[in-house]
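Printed here is upload-v8.txt (compact mmCIF, C-alpha atoms):
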```txt
# COMPACT_ATOMS: atom_id res chain seq x y z
CA MET A 125 -64.84 159.65 -14.43
CA THR A 126 -65.42 156.04 -15.43
CA VAL A 127 -63.87 155.18 -18.77
CA VAL A 128 -65.28 152.17 -20.62
CA ASN A 129 -62.89 150.43 -22.95
CA ARG A 130 -63.93 148.39 -25.95
CA ARG A 131 -61.42 145.73 -26.92
CA ILE A 132 -61.25 142.93 -29.45
CA VAL A 133 -59.77 139.73 -28.08
CA LEU A 134 -58.81 136.39 -29.59
CA ALA A 135 -61.80 134.13 -28.92
CA SER A 136 -60.32 130.93 -30.39
CA ARG A 137 -57.43 129.88 -32.61
CA PRO A 138 -58.24 129.53 -36.31
CA HIS A 139 -57.26 126.48 -38.32
CA GLY A 140 -57.04 127.89 -41.80
CA GLU A 141 -58.62 131.22 -42.66
CA PRO A 142 -59.69 133.36 -39.68
CA LYS A 143 -63.42 133.92 -39.37
CA PRO A 144 -65.46 136.47 -37.39
CA GLU A 145 -66.11 133.93 -34.60
CA HIS A 146 -62.38 133.84 -33.82
CA PHE A 147 -62.68 137.39 -32.45
CA ARG A 148 -64.80 138.78 -29.60
CA LEU A 149 -65.68 142.39 -28.77
CA GLU A 150 -65.64 143.03 -25.02
CA GLU A 151 -66.00 146.00 -22.70
CA ASN A 152 -64.15 146.66 -19.46
CA ARG A 153 -63.51 149.59 -17.17
CA VAL A 154 -60.19 151.39 -17.28
CA ASN A 155 -58.31 151.54 -13.98
CA ALA A 156 -57.54 154.91 -12.40
CA LEU A 157 -54.09 156.26 -13.21
CA ARG A 158 -51.23 155.85 -10.78
CA ASP A 159 -48.08 157.95 -10.62
CA GLY A 160 -45.95 157.42 -13.71
CA GLU A 161 -48.85 156.31 -15.91
CA VAL A 162 -50.69 157.78 -18.90
CA LEU A 163 -54.12 157.08 -20.36
CA LEU A 164 -53.96 156.61 -24.12
CA ARG A 165 -56.91 156.77 -26.49
CA THR A 166 -56.45 154.97 -29.80
CA ARG A 167 -56.91 157.14 -32.85
CA PHE A 168 -55.61 154.81 -35.56
CA LEU A 169 -54.96 151.05 -35.48
CA SER A 170 -52.66 149.29 -37.93
CA LEU A 171 -53.73 145.95 -39.43
CA ASP A 172 -50.85 143.85 -40.76
CA PRO A 173 -50.35 140.29 -42.07
CA TYR A 174 -48.01 139.29 -39.22
CA MET A 175 -51.01 139.33 -36.88
CA ARG A 176 -52.24 136.07 -38.44
CA GLY A 177 -49.12 134.34 -37.15
CA ARG A 178 -49.70 135.70 -33.66
CA MET A 179 -53.13 134.03 -33.63
CA SER A 180 -51.38 130.65 -33.82
CA ALA A 181 -49.77 128.80 -30.91
CA ALA A 182 -46.93 127.61 -33.16
CA LYS A 183 -43.43 128.65 -32.11
CA SER A 184 -42.28 131.80 -33.88
CA TYR A 185 -40.14 134.90 -33.39
CA ALA A 186 -42.74 136.42 -31.04
CA LYS A 187 -45.07 134.91 -28.46
CA PRO A 188 -48.62 134.20 -29.59
CA VAL A 189 -51.70 136.07 -28.46
CA GLU A 190 -53.35 133.97 -25.77
CA ILE A 191 -57.05 133.14 -25.85
CA GLY A 192 -58.92 136.04 -24.25
CA GLU A 193 -56.06 138.51 -24.78
CA VAL A 194 -56.35 141.71 -26.79
CA MET A 195 -55.22 141.30 -30.39
CA VAL A 196 -51.79 142.82 -30.90
CA GLY A 197 -51.17 145.83 -33.08
CA GLN A 198 -49.50 149.21 -33.30
CA THR A 199 -51.57 152.32 -32.83
CA VAL A 200 -51.31 156.05 -33.04
CA SER A 201 -52.81 157.16 -29.74
CA ALA A 202 -53.48 160.47 -28.02
CA VAL A 203 -52.61 161.10 -24.38
CA GLU A 204 -55.97 161.66 -22.65
CA ALA A 205 -54.60 162.01 -19.10
CA SER A 206 -51.11 161.92 -17.69
CA HIS A 207 -49.36 161.28 -14.38
CA HIS A 208 -46.05 160.87 -16.24
CA PRO A 209 -43.53 163.74 -16.48
CA ALA A 210 -42.53 162.89 -20.07
CA PHE A 211 -46.05 163.00 -21.57
CA ALA A 212 -48.63 165.78 -21.68
CA VAL A 213 -52.30 165.66 -22.51
CA GLY A 214 -52.69 165.94 -26.26
CA ASP A 215 -49.37 164.31 -27.15
CA LEU A 216 -49.54 161.83 -30.02
CA VAL A 217 -47.60 158.61 -29.55
CA LEU A 218 -46.88 155.40 -31.39
CA SER A 219 -48.03 152.67 -29.05
CA PRO A 220 -48.41 148.86 -28.91
CA ALA A 221 -51.97 149.29 -27.59
CA GLY A 222 -53.54 146.67 -29.84
CA TRP A 223 -57.17 146.35 -30.88
CA GLN A 224 -58.81 148.52 -28.21
CA ASP A 225 -60.01 152.04 -27.48
CA TYR A 226 -57.83 152.77 -24.43
CA LEU A 227 -54.60 151.69 -22.80
CA VAL A 228 -53.04 152.61 -19.46
CA SER A 229 -49.28 152.73 -20.02
CA ASP A 230 -46.23 153.35 -17.86
CA GLY A 231 -44.59 155.02 -20.85
CA HIS A 232 -42.47 152.02 -21.85
CA GLY A 233 -42.41 151.48 -25.60
CA LEU A 234 -44.10 154.77 -26.46
CA GLN A 235 -42.67 156.98 -29.20
CA LYS A 236 -43.71 160.62 -29.37
CA LEU A 237 -44.82 161.77 -32.80
CA ASP A 238 -44.35 165.20 -34.32
CA PRO A 239 -47.35 166.08 -36.54
CA ALA A 240 -45.01 168.22 -38.62
CA ASP A 241 -43.28 165.05 -39.82
CA GLY A 242 -46.40 163.66 -41.51
CA ALA A 243 -50.03 162.68 -41.10
CA PRO A 244 -50.46 160.67 -37.87
CA SER A 245 -51.63 157.51 -39.66
CA ALA A 246 -48.50 157.60 -41.86
CA PHE A 247 -46.52 156.40 -38.84
CA LEU A 248 -48.36 153.08 -39.17
CA GLY A 249 -47.44 152.81 -42.85
CA VAL A 250 -44.87 154.57 -44.97
CA LEU A 251 -43.17 156.17 -41.91
CA GLY A 252 -43.79 153.17 -39.67
CA MET A 253 -43.06 149.46 -39.46
CA PRO A 254 -44.04 148.63 -43.08
CA GLY A 255 -41.92 151.46 -44.45
CA MET A 256 -38.98 150.47 -42.29
CA THR A 257 -39.37 146.87 -43.49
CA ALA A 258 -39.14 147.98 -47.11
CA TYR A 259 -36.22 150.34 -46.50
CA ALA A 260 -34.08 148.00 -44.41
CA GLY A 261 -34.77 144.80 -46.32
CA LEU A 262 -34.15 146.31 -49.74
CA LEU A 263 -31.09 148.40 -48.91
CA GLU A 264 -29.34 146.06 -46.46
CA ILE A 265 -30.12 142.68 -48.03
CA GLY A 266 -31.26 143.46 -51.59
CA ARG A 267 -28.62 146.15 -52.18
CA PRO A 268 -29.95 147.16 -55.62
CA GLN A 269 -27.48 148.61 -58.09
CA ALA A 270 -28.22 151.05 -60.90
CA GLY A 271 -29.49 149.19 -63.95
CA GLU A 272 -30.49 146.03 -62.09
CA THR A 273 -34.02 144.63 -62.05
CA VAL A 274 -35.86 144.59 -58.74
CA ALA A 275 -39.10 142.59 -58.54
CA VAL A 276 -41.43 142.79 -55.57
CA ALA A 277 -44.57 140.83 -54.65
CA ALA A 278 -47.69 142.42 -53.11
CA ALA A 279 -46.41 145.56 -54.77
CA ALA A 280 -49.55 147.62 -54.17
CA GLY A 281 -49.29 147.03 -50.41
CA PRO A 282 -47.47 149.28 -47.93
CA VAL A 283 -44.19 147.35 -48.03
CA GLY A 284 -44.06 146.42 -51.69
CA SER A 285 -45.07 149.84 -52.97
CA LEU A 286 -42.20 151.49 -51.11
CA VAL A 287 -39.71 148.80 -52.17
CA GLY A 288 -40.44 149.55 -55.80
CA GLN A 289 -40.20 153.31 -55.35
CA ILE A 290 -36.90 153.11 -53.46
CA ALA A 291 -35.53 150.80 -56.15
CA ARG A 292 -36.33 153.45 -58.74
CA ILE A 293 -34.71 156.17 -56.63
CA LYS A 294 -31.56 154.00 -56.52
CA GLY A 295 -31.53 153.72 -60.31
CA ALA A 296 -32.82 150.17 -60.62
CA ARG A 297 -35.63 148.91 -62.83
CA SER A 298 -38.73 148.21 -60.76
CA VAL A 299 -41.21 145.40 -61.55
CA GLY A 300 -44.27 145.03 -59.33
CA ILE A 301 -46.42 141.94 -58.89
CA ALA A 302 -49.98 142.64 -57.73
CA GLY A 303 -53.50 141.24 -57.87
CA GLY A 304 -55.72 142.73 -60.55
CA PRO A 305 -55.53 145.31 -63.36
CA GLU A 306 -56.44 148.26 -61.11
CA LYS A 307 -53.52 147.65 -58.77
CA CYS A 308 -51.14 147.05 -61.67
CA ALA A 309 -52.19 150.32 -63.31
CA TYR A 310 -51.65 152.14 -60.02
CA LEU A 311 -48.08 150.82 -59.84
CA THR A 312 -47.06 152.07 -63.27
CA GLU A 313 -49.23 155.18 -63.64
CA THR A 314 -49.03 156.59 -60.09
CA LEU A 315 -45.93 155.09 -58.45
CA GLY A 316 -43.69 155.02 -61.50
CA PHE A 317 -42.89 151.30 -61.60
CA ASP A 318 -41.33 150.28 -64.91
CA ALA A 319 -43.68 147.31 -65.24
CA ALA A 320 -46.45 145.57 -63.32
CA VAL A 321 -47.73 142.00 -63.63
CA ASP A 322 -51.04 140.57 -62.46
CA HIS A 323 -50.43 137.36 -60.51
CA ARG A 324 -54.07 136.37 -61.08
CA ALA A 325 -53.65 136.31 -64.88
CA PRO A 326 -53.66 132.82 -66.43
CA ASP A 327 -50.34 133.50 -68.15
CA PHE A 328 -48.68 135.06 -65.09
CA PRO A 329 -45.32 133.19 -65.33
CA GLU A 330 -44.95 134.12 -69.00
CA ALA A 331 -46.03 137.72 -68.38
CA LEU A 332 -43.48 138.04 -65.58
CA ALA A 333 -40.76 136.72 -67.87
CA ARG A 334 -41.71 139.29 -70.52
CA ALA A 335 -41.55 142.06 -67.90
CA CYS A 336 -38.06 140.93 -66.83
CA PRO A 337 -36.22 140.29 -70.12
CA SER A 338 -32.83 140.52 -68.40
CA GLY A 339 -33.85 138.38 -65.43
CA ILE A 340 -34.26 139.42 -61.79
CA ASP A 341 -31.37 140.65 -59.65
CA VAL A 342 -33.34 141.40 -56.46
CA TYR A 343 -36.62 139.79 -55.50
CA PHE A 344 -38.30 141.19 -52.40
CA GLU A 345 -40.39 138.33 -51.03
CA ASN A 346 -43.47 138.77 -48.89
CA VAL A 347 -45.93 136.36 -50.53
CA GLY A 348 -44.39 132.99 -51.46
CA GLY A 349 -46.39 130.22 -53.12
CA ALA A 350 -47.14 130.45 -56.84
CA VAL A 351 -45.55 133.89 -57.10
CA PHE A 352 -42.18 132.58 -55.94
CA ASP A 353 -42.55 129.59 -58.28
CA ALA A 354 -42.74 132.04 -61.20
CA VAL A 355 -39.84 134.16 -59.93
CA LEU A 356 -37.36 131.35 -59.22
CA PRO A 357 -36.46 130.49 -62.86
CA LEU A 358 -35.87 134.18 -63.63
CA LEU A 359 -33.35 134.84 -60.86
CA ASN A 360 -29.93 135.86 -62.13
CA ASP A 361 -26.63 134.63 -60.74
CA PHE A 362 -25.90 136.27 -57.38
CA ALA A 363 -29.51 137.50 -57.01
CA ARG A 364 -30.51 138.67 -53.53
CA ILE A 365 -33.84 137.70 -51.95
CA PRO A 366 -34.92 139.52 -48.77
CA VAL A 367 -37.81 137.60 -47.19
CA CYS A 368 -40.07 139.57 -44.84
CA GLY A 369 -43.27 137.53 -45.13
CA LEU A 370 -45.04 134.58 -46.76
CA VAL A 371 -48.65 135.71 -46.69
CA SER A 372 -49.85 133.09 -49.18
CA GLY A 373 -49.25 130.42 -46.54
CA TYR A 374 -50.42 132.17 -43.38
CA ASN A 375 -53.81 130.44 -43.39
CA MET A 376 -52.42 126.98 -44.10
CA SER A 377 -52.92 124.33 -41.43
CA GLU A 378 -50.83 121.73 -43.31
CA LEU A 379 -48.30 121.63 -46.14
CA PRO A 380 -49.74 122.03 -49.64
CA PRO A 381 -50.06 118.88 -51.79
CA GLY A 382 -47.57 118.03 -54.47
CA PRO A 383 -43.94 116.97 -54.80
CA ASP A 384 -41.16 118.24 -52.55
CA ARG A 385 -39.76 121.25 -54.39
CA SER A 386 -37.03 122.08 -51.90
CA PRO A 387 -34.35 120.27 -54.01
CA THR A 388 -35.16 122.61 -56.92
CA LEU A 389 -34.83 125.63 -54.65
CA MET A 390 -31.61 124.47 -53.05
CA ARG A 391 -30.07 123.63 -56.41
CA ALA A 392 -30.82 127.18 -57.58
CA VAL A 393 -29.35 128.60 -54.36
CA LEU A 394 -26.16 126.64 -55.06
CA THR A 395 -25.74 126.95 -58.81
CA LYS A 396 -26.87 130.60 -59.05
CA ARG A 397 -25.12 131.55 -55.78
CA LEU A 398 -28.29 133.15 -54.46
CA THR A 399 -28.52 135.09 -51.21
CA LEU A 400 -31.80 134.13 -49.53
CA ARG A 401 -32.29 135.82 -46.15
CA GLY A 402 -35.28 136.11 -43.90
CA PHE A 403 -35.48 139.09 -41.58
CA ILE A 404 -37.65 140.77 -38.98
CA VAL A 405 -37.84 144.52 -39.28
CA TRP A 406 -36.15 145.36 -35.97
CA ASP A 407 -33.10 143.27 -36.90
CA PHE A 408 -32.07 146.61 -38.41
CA ALA A 409 -33.20 148.92 -35.62
CA GLU A 410 -30.01 150.95 -35.94
CA LEU A 411 -31.23 152.16 -39.35
CA HIS A 412 -34.39 153.78 -37.97
CA ASP A 413 -33.11 157.35 -37.83
CA GLY A 414 -31.78 157.09 -41.37
CA PHE A 415 -35.07 155.58 -42.50
CA LEU A 416 -37.08 158.49 -41.09
CA ARG A 417 -34.65 160.99 -42.61
CA ASP A 418 -34.59 159.42 -46.07
CA VAL A 419 -38.17 158.26 -46.50
CA GLY A 420 -39.56 161.32 -44.73
CA GLY A 421 -37.54 163.51 -47.08
CA TRP A 422 -38.64 161.59 -50.17
CA LEU A 423 -42.25 161.80 -49.02
CA LYS A 424 -42.11 165.59 -48.53
CA ALA A 425 -40.34 166.02 -51.86
CA GLY A 426 -42.98 163.98 -53.69
CA ARG A 427 -40.50 161.27 -54.72
CA VAL A 428 -42.47 158.69 -52.72
CA THR A 429 -46.23 158.24 -52.66
CA ALA A 430 -48.21 156.26 -50.10
CA ARG A 431 -51.81 155.06 -50.27
CA GLU A 432 -54.03 154.21 -47.31
CA ASP A 433 -57.10 151.99 -47.10
CA MET A 434 -59.00 153.50 -44.16
CA VAL A 435 -61.77 151.65 -42.30
CA GLU A 436 -63.89 153.49 -39.71
CA GLY A 437 -64.77 151.84 -36.41
CA LEU A 438 -62.93 149.42 -34.11
CA GLU A 439 -65.73 146.88 -34.50
CA LYS A 440 -64.89 146.58 -38.21
CA ALA A 441 -61.30 145.48 -37.57
CA PRO A 442 -61.94 141.69 -37.76
CA ALA A 443 -63.71 141.84 -41.13
CA ALA A 444 -61.08 144.21 -42.52
CA PHE A 445 -58.28 141.95 -41.29
CA ILE A 446 -59.87 138.85 -42.85
CA GLY A 447 -60.27 140.73 -46.11
CA MET A 448 -56.64 141.86 -46.06
CA LEU A 449 -55.44 138.24 -45.93
CA ARG A 450 -57.48 137.67 -49.10
CA GLY A 451 -55.89 140.67 -50.80
CA ALA A 452 -58.98 142.89 -50.54
CA ASN A 453 -57.16 145.99 -49.28
CA PHE A 454 -55.58 148.56 -51.59
CA GLY A 455 -52.75 150.28 -49.77
CA LYS A 456 -51.91 150.36 -46.05
CA LEU A 457 -54.88 149.08 -44.06
CA VAL A 458 -55.69 151.34 -41.11
CA VAL A 459 -58.67 151.45 -38.78
CA LYS A 460 -59.81 154.91 -37.68
CA VAL A 461 -60.87 154.22 -34.09
CA SER A 462 -61.58 157.72 -32.74
```
Show this structure as structure tokens.
Amino acid sequence: MTVVNRRIVLASRPHGEPKPEHFRLEENRVNALRDGEVLLRTRFLSLDPYMRGRMSAAKSYAKPVEIGEVMVGQTVSAVEASHHPAFAVGDLVLSPAGWQDYLVSDGHGLQKLDPADGAPSAFLGVLGMPGMTAYAGLLEIGRPQAGETVAVAAAAGPVGSLVGQIARIKGARSVGIAGGPEKCAYLTETLGFDAAVDHRAPDFPEALARACPSGIDVYFENVGGAVFDAVLPLLNDFARIPVCGLVSGYNMSELPPGPDRSPTLMRAVLTKRLTLRGFIVWDFAELHDGFLRDVGGWLKAGRVTAREDMVEGLEKAPAAFIGMLRGANFGKLVVKVS
């Protein structure tokens, strides 16, 4: 049987904000399986901010997507056919299939999923890479102590929301920074954050200071820009700053105008003895089993809550991705492909 695959490829490299014309929907035929291969059909596709960096040719921690290549991304996929002894038809796997309907795989990089452990799409969010980012960055770099104040940017997103909830589980005070009253209300009323601050409010720096009367001991950074400018004066001596992303600058094609503020930052690093560390999630791969045990247990016990923003249809991935970079999503952004 001929299988036709839809795939979304990088049509051109954006300079600034990505636009629909930077993506192209194509169709191709899937090759027949050989021994040792499986045919995967994408059920859910994860959309994440790091993908913007992969659209650029600039040197980074991972190679860029080339023009005409399928956009990268993790998926939850179902095994449609198998010539591989380790995979049976119907198995669900975590796969690096990217923005497409089908993938022929030799089994490398696939992780079998047990539906009993959670909803399949959760392995792209709270039980997947975003959840692992929150868990590892907060506990290994942030190391929150009972009674300390932990602040987190993009707190209504998949990483930030879990950071704040884990901080509370560890006995710390949790302050979320998010865009808009609805997201801030969600943080305090649903997730149990101690306080939430709207970074779009005209008095944001003052409001953040009021929410952190004893300063900030851990700041989990994934935004940068004006949010970090407001956080920096509030950092206590020996504060820890895990940095997993800088989404406010992902669409920049040149440095923002204004004076060089690096001396102010470096002076604070020195005089306050700050720990400022960037990390990529799989720097802490050895923590993965503990992450699944702890976060999976908290999820089943109701101590952790996760929200998804589900979009239906592969063809809607570009628009959803562009919106995510503007802060339009509310929760983990997932595309339901099939």
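Excluding Asp361 in chain A itself and any same-chain residue fewer than 6 positions from it, the protein and nucleic acid residues within 9 Å of it, counting all atoms listed in the file, are Asp341, Thr395, Lys396, Arg397 and Leu398 of chain A.
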How would the residues just picked look written out with C-alpha atoms as a JSON list (two decimals), in the frame of the given file?
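And here is the file that came out, part-v4.json:
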```json
[["chain", "number", "residue", "atom", "x", "y", "z"],
["A", 341, "ASP", "CA", -31.37, 140.65, -59.65],
["A", 395, "THR", "CA", -25.74, 126.95, -58.81],
["A", 396, "LYS", "CA", -26.87, 130.60, -59.05],
["A", 397, "ARG", "CA", -25.12, 131.55, -55.78],
["A", 398, "LEU", "CA", -28.29, 133.15, -54.46]]
```
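Using only C-alpha atoms, the smallest distance between any of A:Leu134, A:Val274, A:Ala363, A:Met179 and Gly295 in chain A comes from A:Val274.
Omitting range 263-268 of chain A and its sequence neighbours fewer than 3 positions away, and counting all atoms listed in the file, the residues within 9 Å are Ala258, Tyr259, Ala260, Gly271, Glu272, Thr273, Val274, Ile290, Ala291, Lys294, Gly295, Ala296, Asp341, Val342, Tyr343, Phe344, Ala363, Arg364, Ile365, Pro366, Thr399, Leu400, Arg401 and Phe408 of chain A.
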Write out the residues from the selection above, keeping C-alpha atoms, as a short mmCIF file (atom, residue, chain, number, x, y, z; two decimals), keeping the file's coordinate frame.
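Result went into result.cif, see below:
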```cif
data_model
loop_
_atom_site.label_atom_id
_atom_site.label_comp_id
_atom_site.auth_asym_id
_atom_site.auth_seq_id
_atom_site.Cartn_x
_atom_site.Cartn_y
_atom_site.Cartn_z
CA ALA A 258 -39.14 147.98 -47.11
CA TYR A 259 -36.22 150.34 -46.50
CA ALA A 260 -34.08 148.00 -44.41
CA GLY A 271 -29.49 149.19 -63.95
CA GLU A 272 -30.49 146.03 -62.09
CA THR A 273 -34.02 144.63 -62.05
CA VAL A 274 -35.86 144.59 -58.74
CA ILE A 290 -36.90 153.11 -53.46
CA ALA A 291 -35.53 150.80 -56.15
CA LYS A 294 -31.56 154.00 -56.52
CA GLY A 295 -31.53 153.72 -60.31
CA ALA A 296 -32.82 150.17 -60.62
CA ASP A 341 -31.37 140.65 -59.65
CA VAL A 342 -33.34 141.40 -56.46
CA TYR A 343 -36.62 139.79 -55.50
CA PHE A 344 -38.30 141.19 -52.40
CA ALA A 363 -29.51 137.50 -57.01
CA ARG A 364 -30.51 138.67 -53.53
CA ILE A 365 -33.84 137.70 -51.95
CA PRO A 366 -34.92 139.52 -48.77
CA THR A 399 -28.52 135.09 -51.21
CA LEU A 400 -31.80 134.13 -49.53
CA ARG A 401 -32.29 135.82 -46.15
CA PHE A 408 -32.07 146.61 -38.41
#
```
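CA of Tyr226 in chain A to CA of Thr126 in chain A spans 12.2 Å [interatomic distance, one decimal].
Coordinates place CA of Tyr374 in chain A at a distance of 8.6 Å from CA of Tyr174 in chain A.
Here CA of Ala221 in chain A stands at a distance of 6.1 Å from CA of Thr199 in chain A.
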If you count only C-alpha atoms, which residues fall within 12 Å of Ser219 in chain A, apart from same-chain ones fewer than 5 positions away, as a PyMOL selection string?
-> chain A and resi 162-170+196-203+224+226-237+247-248+252-253
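Distances from A:Gly349, A:Pro239, A:Pro357, A:Gly373 to Val393 in chain A were compared using only C-alpha atoms, and the smallest one belongs to A:Pro357.
Considering only C-alpha atoms, the residue among A:Val194, A:Pro305, A:Ser184, A:Arg324 positioned nearest to Arg130 in chain A is A:Val194.
Remark: for Glu436 in chain A, the closest of the candidate residues A:Ile404, A:Leu457, A:Ala452, A:Glu410 is A:Leu457 (distances computed over all atoms listed in the file).
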Which polymer residues have any atom within 10 Å of an atom of range 326-337 of chain A, counting all atoms listed in the file, with same-chain residues fewer than 5 positions away left out, as a VMD selection string?
-> chain A and resid 273 to 275 297 to 301 318 to 321 350 to 355 357 to 359
Neighbour list for Val213 in chain A as a ChimeraX atom specification, cut-off 7 Å, all atoms listed in the file, skip fewer than 4 positions in-chain | /A:203-206
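Here the question is which of A:Gly426, A:Gly214, A:Gly382, A:Gly369 gets nearest to Gly316 in chain A using all atoms listed in the file, and that residue is A:Gly426.
Proximity of A:Val458, A:Ala246, A:Val189, A:Met256 to Ala409 in chain A, computed with all atoms listed in the file, is greatest for A:Met256.
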Identify the residues within 12 Å of coordinate (-42.7, 152.0, -44.8) (same frame as the file), considering all atoms listed in the file, and give the answer as an MDAnalysis selection string.
-> chainID A and resid 245:262 281:290 405 412 415:416 418:420 422:423 428:432 455:456
Would you mind completing range 304-317 of chain A to N, CA, C and O atoms and writing the output as a PDB file, in the frame of the given file?
```pdb
ATOM      1  N   GLY A 304     -54.662 142.029 -59.834  1.00  0.00           N
ATOM      2  CA  GLY A 304     -55.720 142.730 -60.550  1.00  0.00           C
ATOM      3  C   GLY A 304     -55.225 143.900 -61.375  1.00  0.00           C
ATOM      4  O   GLY A 304     -54.213 144.535 -61.051  1.00  0.00           O
ATOM      5  N   PRO A 305     -55.941 144.223 -62.467  1.00  0.00           N
ATOM      6  CA  PRO A 305     -55.530 145.310 -63.360  1.00  0.00           C
ATOM      7  C   PRO A 305     -55.484 146.679 -62.692  1.00  0.00           C
ATOM      8  O   PRO A 305     -54.624 147.500 -63.016  1.00  0.00           O
ATOM      9  N   GLU A 306     -56.410 146.946 -61.757  1.00  0.00           N
ATOM     10  CA  GLU A 306     -56.440 148.260 -61.110  1.00  0.00           C
ATOM     11  C   GLU A 306     -55.161 148.498 -60.317  1.00  0.00           C
ATOM     12  O   GLU A 306     -54.558 149.587 -60.392  1.00  0.00           O
ATOM     13  N   LYS A 307     -54.743 147.500 -59.558  1.00  0.00           N
ATOM     14  CA  LYS A 307     -53.520 147.650 -58.770  1.00  0.00           C
ATOM     15  C   LYS A 307     -52.299 147.759 -59.681  1.00  0.00           C
ATOM     16  O   LYS A 307     -51.381 148.556 -59.413  1.00  0.00           O
ATOM     17  N   CYS A 308     -52.282 146.986 -60.753  1.00  0.00           N
ATOM     18  CA  CYS A 308     -51.140 147.050 -61.670  1.00  0.00           C
ATOM     19  C   CYS A 308     -51.051 148.428 -62.332  1.00  0.00           C
ATOM     20  O   CYS A 308     -49.955 148.984 -62.484  1.00  0.00           O
ATOM     21  N   ALA A 309     -52.195 148.983 -62.714  1.00  0.00           N
ATOM     22  CA  ALA A 309     -52.190 150.320 -63.310  1.00  0.00           C
ATOM     23  C   ALA A 309     -51.708 151.360 -62.319  1.00  0.00           C
ATOM     24  O   ALA A 309     -50.971 152.299 -62.683  1.00  0.00           O
ATOM     25  N   TYR A 310     -52.095 151.218 -61.070  1.00  0.00           N
ATOM     26  CA  TYR A 310     -51.650 152.140 -60.020  1.00  0.00           C
ATOM     27  C   TYR A 310     -50.120 152.122 -59.898  1.00  0.00           C
ATOM     28  O   TYR A 310     -49.486 153.181 -59.750  1.00  0.00           O
ATOM     29  N   LEU A 311     -49.535 150.935 -59.991  1.00  0.00           N
ATOM     30  CA  LEU A 311     -48.080 150.820 -59.840  1.00  0.00           C
ATOM     31  C   LEU A 311     -47.346 151.580 -60.939  1.00  0.00           C
ATOM     32  O   LEU A 311     -46.381 152.302 -60.663  1.00  0.00           O
ATOM     33  N   THR A 312     -47.779 151.434 -62.169  1.00  0.00           N
ATOM     34  CA  THR A 312     -47.060 152.070 -63.270  1.00  0.00           C
ATOM     35  C   THR A 312     -47.459 153.530 -63.462  1.00  0.00           C
ATOM     36  O   THR A 312     -46.606 154.390 -63.709  1.00  0.00           O
ATOM     37  N   GLU A 313     -48.752 153.837 -63.323  1.00  0.00           N
ATOM     38  CA  GLU A 313     -49.230 155.180 -63.640  1.00  0.00           C
ATOM     39  C   GLU A 313     -49.053 156.171 -62.496  1.00  0.00           C
ATOM     40  O   GLU A 313     -48.853 157.365 -62.733  1.00  0.00           O
ATOM     41  N   THR A 314     -49.130 155.689 -61.249  1.00  0.00           N
ATOM     42  CA  THR A 314     -49.030 156.590 -60.090  1.00  0.00           C
ATOM     43  C   THR A 314     -47.673 156.498 -59.409  1.00  0.00           C
ATOM     44  O   THR A 314     -47.077 157.519 -59.050  1.00  0.00           O
ATOM     45  N   LEU A 315     -47.181 155.275 -59.207  1.00  0.00           N
ATOM     46  CA  LEU A 315     -45.930 155.090 -58.450  1.00  0.00           C
ATOM     47  C   LEU A 315     -44.692 155.068 -59.326  1.00  0.00           C
ATOM     48  O   LEU A 315     -43.583 155.103 -58.794  1.00  0.00           O
ATOM     49  N   GLY A 316     -44.850 154.963 -60.617  1.00  0.00           N
ATOM     50  CA  GLY A 316     -43.690 155.020 -61.500  1.00  0.00           C
ATOM     51  C   GLY A 316     -42.934 153.724 -61.664  1.00  0.00           C
ATOM     52  O   GLY A 316     -41.774 153.735 -62.121  1.00  0.00           O
ATOM     53  N   PHE A 317     -43.538 152.588 -61.313  1.00  0.00           N
ATOM     54  CA  PHE A 317     -42.890 151.300 -61.600  1.00  0.00           C
ATOM     55  C   PHE A 317     -42.671 151.179 -63.106  1.00  0.00           C
ATOM     56  O   PHE A 317     -43.467 151.657 -63.919  1.00  0.00           O
TER      57      PHE A 317
END
```
